[in-house]
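For reference, coords33.txt (compact mmCIF, C-alpha atoms):
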```
# COMPACT_ATOMS: atom_id res chain seq x y z
CA GLN A 56 66.21 140.33 123.83
CA LYS A 57 65.92 138.23 120.70
CA GLU A 58 65.62 139.99 117.37
CA VAL A 59 62.46 138.01 116.57
CA GLU A 60 60.10 136.75 119.25
CA GLN A 61 57.58 133.98 118.64
CA ASP A 62 55.50 132.16 121.21
CA PRO A 63 56.66 128.53 121.02
CA GLY A 64 53.29 127.21 122.18
CA PRO A 65 52.29 124.46 121.99
CA LEU A 66 48.96 125.61 120.60
CA SER A 67 46.08 123.15 120.33
CA VAL A 68 42.74 124.02 118.68
CA PRO A 69 39.74 122.06 117.37
CA GLU A 70 39.31 121.40 113.69
CA GLY A 71 37.61 124.25 111.87
CA ALA A 72 38.87 126.94 114.25
CA ILE A 73 40.63 130.10 113.13
CA VAL A 74 44.26 130.04 114.17
CA SER A 75 46.29 133.17 114.82
CA LEU A 76 50.08 132.98 114.94
CA ASN A 77 52.20 136.01 115.73
CA CYS A 78 55.74 137.32 115.82
CA THR A 79 57.22 140.56 117.06
CA TYR A 80 60.57 141.94 116.07
CA SER A 81 62.92 144.70 117.08
CA ASN A 82 64.84 145.55 113.89
CA SER A 83 62.93 148.23 111.98
CA ALA A 84 65.11 147.58 108.91
CA PHE A 85 63.42 144.24 108.19
CA GLN A 86 61.60 144.46 104.85
CA TYR A 87 60.81 140.87 103.85
CA PHE A 88 58.54 138.72 105.98
CA MET A 89 57.89 135.04 105.58
CA TRP A 90 55.95 132.24 107.18
CA TYR A 91 57.14 128.66 106.90
CA ARG A 92 55.43 125.42 107.86
CA GLN A 93 57.60 122.56 109.02
CA TYR A 94 56.43 119.02 109.54
CA SER A 95 58.41 116.73 111.80
CA ARG A 96 61.70 115.62 110.21
CA LYS A 97 61.11 117.68 107.06
CA GLY A 98 62.49 120.90 105.71
CA PRO A 99 60.46 124.12 106.12
CA GLU A 100 57.93 124.89 103.40
CA LEU A 101 57.37 128.50 102.36
CA LEU A 102 53.73 129.44 102.97
CA MET A 103 53.60 133.19 102.70
CA TYR A 104 56.01 135.87 101.53
CA THR A 105 55.34 139.56 102.06
CA TYR A 106 57.31 142.66 101.28
CA SER A 107 56.84 145.61 103.65
CA SER A 108 53.49 146.28 105.36
CA GLY A 109 50.09 145.01 104.33
CA ASN A 110 48.00 141.88 103.98
CA LYS A 111 48.35 138.91 101.70
CA GLU A 112 45.86 136.11 101.26
CA ASP A 113 46.37 132.66 99.78
CA GLY A 114 43.52 130.22 100.17
CA ARG A 115 42.92 129.62 103.85
CA PHE A 116 46.03 131.55 104.86
CA THR A 117 46.32 135.29 105.46
CA ALA A 118 49.53 137.06 106.38
CA GLN A 119 49.56 140.53 107.92
CA VAL A 120 52.52 142.82 108.45
CA ASP A 121 52.35 145.93 110.63
CA LYS A 122 55.74 147.58 110.42
CA SER A 123 54.71 150.47 112.67
CA SER A 124 54.11 147.99 115.49
CA LYS A 125 56.84 145.57 114.39
CA TYR A 126 54.29 142.78 114.43
CA ILE A 127 53.39 140.10 111.92
CA SER A 128 50.60 137.55 111.93
CA LEU A 129 49.49 134.45 110.11
CA PHE A 130 45.83 133.47 110.17
CA ILE A 131 44.61 130.02 109.21
CA ARG A 132 40.90 129.70 108.50
CA ASP A 133 38.94 126.46 108.65
CA SER A 134 41.92 124.70 110.19
CA GLN A 135 42.46 121.05 109.30
CA PRO A 136 44.35 118.25 111.08
CA SER A 137 46.84 118.37 108.20
CA ASP A 138 47.75 121.91 109.32
CA SER A 139 49.31 120.41 112.47
CA ALA A 140 52.97 121.39 112.24
CA THR A 141 55.48 123.89 113.52
CA TYR A 142 55.10 127.36 112.04
CA LEU A 143 58.15 129.57 111.74
CA CYS A 144 58.14 133.27 111.07
CA ALA A 145 61.22 134.66 109.34
CA MET A 146 62.30 138.05 108.16
CA SER A 147 65.22 139.71 106.45
CA GLN A 148 66.73 143.04 105.68
CA GLY A 149 67.08 143.27 101.93
CA ALA A 150 69.25 140.43 100.65
CA GLN A 151 70.55 139.63 104.12
CA LYS A 152 70.16 136.29 105.84
CA LEU A 153 66.84 135.26 107.34
CA VAL A 154 66.22 135.70 111.04
CA PHE A 155 63.81 133.12 112.40
CA GLY A 156 61.42 133.02 115.30
CA GLN A 157 61.51 130.03 117.62
CA GLY A 158 58.58 128.38 115.88
CA THR A 159 55.08 127.63 117.21
CA ARG A 160 53.96 124.03 117.49
CA LEU A 161 50.35 123.80 116.35
CA THR A 162 48.00 120.84 116.74
CA ILE A 163 44.57 120.74 115.12
CA ASN A 164 42.35 118.23 116.87
CA PRO A 165 39.75 116.35 114.79
CA GLY B 167 57.07 127.20 94.67
CA ALA B 168 60.60 126.42 93.64
CA VAL B 169 62.06 123.01 94.40
CA VAL B 170 65.23 122.29 96.34
CA SER B 171 66.52 118.75 96.77
CA GLN B 172 69.02 117.27 99.20
CA HIS B 173 70.95 114.05 99.06
CA PRO B 174 71.20 111.86 101.00
CA SER B 175 68.10 112.21 103.14
CA TRP B 176 69.61 110.05 105.87
CA VAL B 177 73.17 108.96 106.54
CA ILE B 178 74.86 106.96 109.27
CA CYS B 179 78.62 107.04 109.51
CA LYS B 180 81.40 106.01 111.85
CA SER B 181 83.21 108.53 113.99
CA GLY B 182 86.20 110.02 112.20
CA THR B 183 84.84 109.66 108.68
CA SER B 184 83.69 112.46 106.38
CA VAL B 185 80.21 112.90 104.97
CA LYS B 186 79.15 114.98 101.97
CA ILE B 187 75.64 116.38 101.62
CA GLU B 188 74.42 117.80 98.31
CA CYS B 189 71.89 120.58 97.86
CA ARG B 190 70.39 121.29 94.44
CA SER B 191 67.96 123.90 93.16
CA LEU B 192 66.00 121.95 90.57
CA ASP B 193 64.05 124.60 88.66
CA PHE B 194 65.90 127.85 89.28
CA GLN B 195 69.40 129.18 89.56
CA ALA B 196 70.57 130.21 93.00
CA THR B 197 73.56 132.45 93.41
CA THR B 198 73.14 132.13 97.15
CA MET B 199 72.45 129.02 99.19
CA PHE B 200 72.39 128.61 102.93
CA TRP B 201 73.20 125.72 105.26
CA TYR B 202 71.36 125.28 108.53
CA ARG B 203 71.50 122.88 111.42
CA GLN B 204 68.48 122.00 113.52
CA PHE B 205 68.31 120.16 116.82
CA PRO B 206 65.07 118.48 117.98
CA LYS B 207 62.32 120.93 118.89
CA GLN B 208 64.53 123.92 118.14
CA SER B 209 64.54 126.49 115.40
CA LEU B 210 67.01 126.54 112.53
CA MET B 211 70.55 127.67 113.21
CA LEU B 212 72.33 129.23 110.25
CA MET B 213 75.77 127.72 109.76
CA ALA B 214 76.99 129.44 106.62
CA THR B 215 76.06 131.37 103.51
CA SER B 216 77.28 129.87 100.26
CA ASN B 217 77.81 132.10 97.23
CA GLU B 218 78.44 130.63 93.80
CA GLY B 219 82.06 130.93 92.77
CA SER B 220 83.31 132.36 96.05
CA LYS B 221 84.16 131.29 99.57
CA ALA B 222 81.38 130.63 102.01
CA THR B 223 80.68 133.00 104.88
CA TYR B 224 80.48 131.16 108.18
CA GLU B 225 78.50 132.20 111.22
CA GLN B 226 80.28 132.83 114.46
CA GLY B 227 81.19 129.63 116.23
CA VAL B 228 80.99 127.41 113.14
CA GLU B 229 84.31 125.75 112.28
CA LYS B 230 85.00 126.33 108.60
CA ASP B 231 87.64 123.59 108.49
CA LYS B 232 85.16 121.09 109.84
CA PHE B 233 82.18 122.07 107.73
CA LEU B 234 83.49 122.51 104.19
CA ILE B 235 81.14 124.23 101.77
CA ASN B 236 81.51 124.31 98.01
CA HIS B 237 79.15 126.17 95.66
CA ALA B 238 80.54 125.16 92.32
CA SER B 239 77.52 125.99 90.16
CA LEU B 240 74.30 127.99 90.25
CA THR B 241 72.32 124.87 91.12
CA LEU B 242 74.60 122.91 93.44
CA SER B 243 76.12 123.47 96.86
CA THR B 244 77.76 120.79 98.97
CA LEU B 245 78.45 120.55 102.70
CA THR B 246 81.15 118.15 103.85
CA VAL B 247 81.33 117.29 107.51
CA THR B 248 84.95 116.29 108.05
CA SER B 249 86.11 113.91 110.77
CA ALA B 250 82.58 113.58 112.05
CA HIS B 251 81.94 112.93 115.73
CA PRO B 252 78.75 111.97 117.58
CA GLU B 253 78.15 115.59 118.57
CA ASP B 254 77.83 116.41 114.86
CA SER B 255 74.71 114.25 114.68
CA SER B 256 71.89 116.55 113.68
CA PHE B 257 69.41 117.52 110.98
CA TYR B 258 71.12 119.54 108.25
CA ILE B 259 68.96 121.63 105.94
CA CYS B 260 69.93 123.74 102.97
CA SER B 261 68.02 126.56 101.32
CA ALA B 262 68.35 128.43 98.06
CA LYS B 263 67.41 132.01 97.37
CA THR B 264 65.62 133.09 94.21
CA GLY B 265 66.09 136.36 92.39
CA TYR B 266 62.99 137.65 94.21
CA ASN B 267 64.65 137.10 97.60
CA GLU B 268 62.42 134.13 98.45
CA GLN B 269 64.17 131.30 100.22
CA PHE B 270 63.16 127.69 99.56
CA PHE B 271 64.35 124.85 101.73
CA GLY B 272 65.43 121.33 100.96
CA PRO B 273 63.89 118.33 102.74
CA GLY B 274 66.85 117.98 105.09
CA THR B 275 69.50 115.36 105.79
CA ARG B 276 69.57 113.46 109.04
CA LEU B 277 73.14 112.66 110.05
CA THR B 278 73.90 110.10 112.71
CA VAL B 279 77.51 109.59 113.73
CA LEU B 280 78.23 106.41 115.66
```
Written form, structure tokens:
Amino acid sequence: QKEVEQDPGPLSVPEGAIVSLNCTYSNSAFQYFMWYRQYSRKGPELLMYTYSSGNKEDGRFTAQVDKSSKYISLFIRDSQPSDSATYLCAMSQGAQKLVFGQGTRLTINP
Amino acid sequence: GAVVSQHPSWVICKSGTSVKIECRSLDFQATTMFWYRQFPKQSLMLMATSNEGSKATYEQGVEKDKFLINHASLTLSTLTVTSAHPEDSSFYICSAKTGYNEQFFGPGTRLTVL
């Protein structure tokens, strides 16, 4: 079993839809949770950064962390074609290295 | 967010030659930088952790004599692929960690070995 599980998709939704991306993990010591967006042939871009449990909102993006269930989510509201990318969840234990999910390929159709 | 640059963005070299890739944190100091490798449609694979002023820590299975890492300053880490072979062709990405434990990635370097 992988330490971090993420559905690789692909996921295809119409423009304007609400997108829900999820990851589960097995290591209860993870404290820092991140979501990255990666366009083809580019480096990952940090979208959301959360410490411990709770919600965080930034514009159209909302990140949720439920440590009791070992489950994190990223919601994208009013999705746009420019949101089409691969989304990677990542987490770490203190200052340790990041552990990544497999990435979910998302396509927003105009 | 913080900015990390990589140079070059794309390099083609002949088999047997060495290639150096630079990673710079432009607006913050990074005591720790990371080097990743990514194959098409796959997630990032951590190769090594680079700490300023000390030896890099390599992940299991990564040849430290082949992938030389130097972190000479708080804003610069370099990865040298020595005696490159076609199987080393890949997308190499660095990241730098801030004092708040956030990790920002560079744009990546595409290496093609002929």
Might you pull out every residue within 12 Å of Gln61 (chain A), with only C-alpha atoms counted and same-chain residues fewer than 3 positions away left off, and present them as a PyMOL selection string? (chain A and resi 56-58+64-65+75-80+90+126-129+141-145+154-160) or (chain B and resi 209)
Expressed in Å, the length from CA of Ala72 (chain A) to CA of Phe130 (chain A) is 10.4 Å
Pick from B:Ala250, B:Met213, B:Val228, B:Ile187, whichever lies nearest to chain A using all atoms listed in the file: B:Met213
Within 8 Å of chain A, which residues belong to chain B? Use all atoms listed in the file and report them as number ranges by chain. B: 167, 208-210, 257, 259, 267-274
Within 10 Å of Ser83 (chain A), counting all atoms listed in the file, which residues qualify if same-chain residues fewer than 4 places away don't, as a PDB file with C-alpha atoms, in the coordinates of the input?
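The file below, around.pdb, is the result:
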```
ATOM      1  CA  LYS A 122      55.740 147.580 110.420  1.00  0.00           C
ATOM      2  CA  SER A 123      54.710 150.470 112.670  1.00  0.00           C
ATOM      3  CA  SER A 124      54.110 147.990 115.490  1.00  0.00           C
ATOM      4  CA  LYS A 125      56.840 145.570 114.390  1.00  0.00           C
ATOM      5  CA  GLN A 148      66.730 143.040 105.680  1.00  0.00           C
TER       6      GLN A 148
END
```
Grab the CA of Arg203 (chain B) to CA of Glu218 (chain B) distance for me, in Å with one decimal place.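 Calculated distance between CA of Arg203 (chain B) and CA of Glu218 (chain B) is 20.5 Å.
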Show which residues sit within 9 Å of Asn236 (chain B), as a JSON list (two decimals) with C-alpha atoms, keeping the file's coordinate frame. Count only C-alpha atoms, and ignore same-chain residues fewer than 6 positions away.
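around_7.json written:
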```json
[["chain", "number", "residue", "atom", "x", "y", "z"],
["B", 216, "SER", "CA", 77.28, 129.87, 100.26],
["B", 217, "ASN", "CA", 77.81, 132.10, 97.23],
["B", 218, "GLU", "CA", 78.44, 130.63, 93.80],
["B", 219, "GLY", "CA", 82.06, 130.93, 92.77],
["B", 220, "SER", "CA", 83.31, 132.36, 96.05],
["B", 221, "LYS", "CA", 84.16, 131.29, 99.57],
["B", 222, "ALA", "CA", 81.38, 130.63, 102.01],
["B", 242, "LEU", "CA", 74.60, 122.91, 93.44],
["B", 243, "SER", "CA", 76.12, 123.47, 96.86],
["B", 244, "THR", "CA", 77.76, 120.79, 98.97],
["B", 245, "LEU", "CA", 78.45, 120.55, 102.70],
["B", 246, "THR", "CA", 81.15, 118.15, 103.85]]
```
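Computed from the coordinates, the CA of Ser175 (chain B) to CA of Thr275 (chain B) distance equals 4.3 Å.
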Of the candidates B:Ala168, B:Cys189, B:Leu234, B:Ala214, which shows the shortest atom-to-atom distance to Val247 (chain B), using all atoms listed in the file?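 Of all the options, B:Leu234 lies closest to Val247 (chain B).
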Fewer than 5 positions away in the same chain doesn't count, so skip those; otherwise give me all residues within 10 Å of Gly265 (chain B), counting all atoms listed in the file, as a count of residues only. 6
Best match for closeness to Thr241 (chain B) among B:Val185, B:Leu277, B:Leu212, B:Ala262, counting all atoms listed in the file: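 Ranked by minimum distance to Thr241 (chain B), first place goes to B:Ala262.
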List as JSON, numbers by chain the protein and nucleic acid residues near Ser67 (chain A), meaning an atom at most 6 Å away when only C-alpha atoms are counted, but skip any in the same chain fewer than 4 places from it. {"A": [161, 162, 163]}
Among the residues A:Ala118, A:Val68, A:Ala84, A:Met146, the one that comes closest to Asp133 (chain A) [using only C-alpha atoms]: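 Between A:Ala118, A:Val68, A:Ala84, A:Met146, the residue approaching Asp133 (chain A) most closely is A:Val68.
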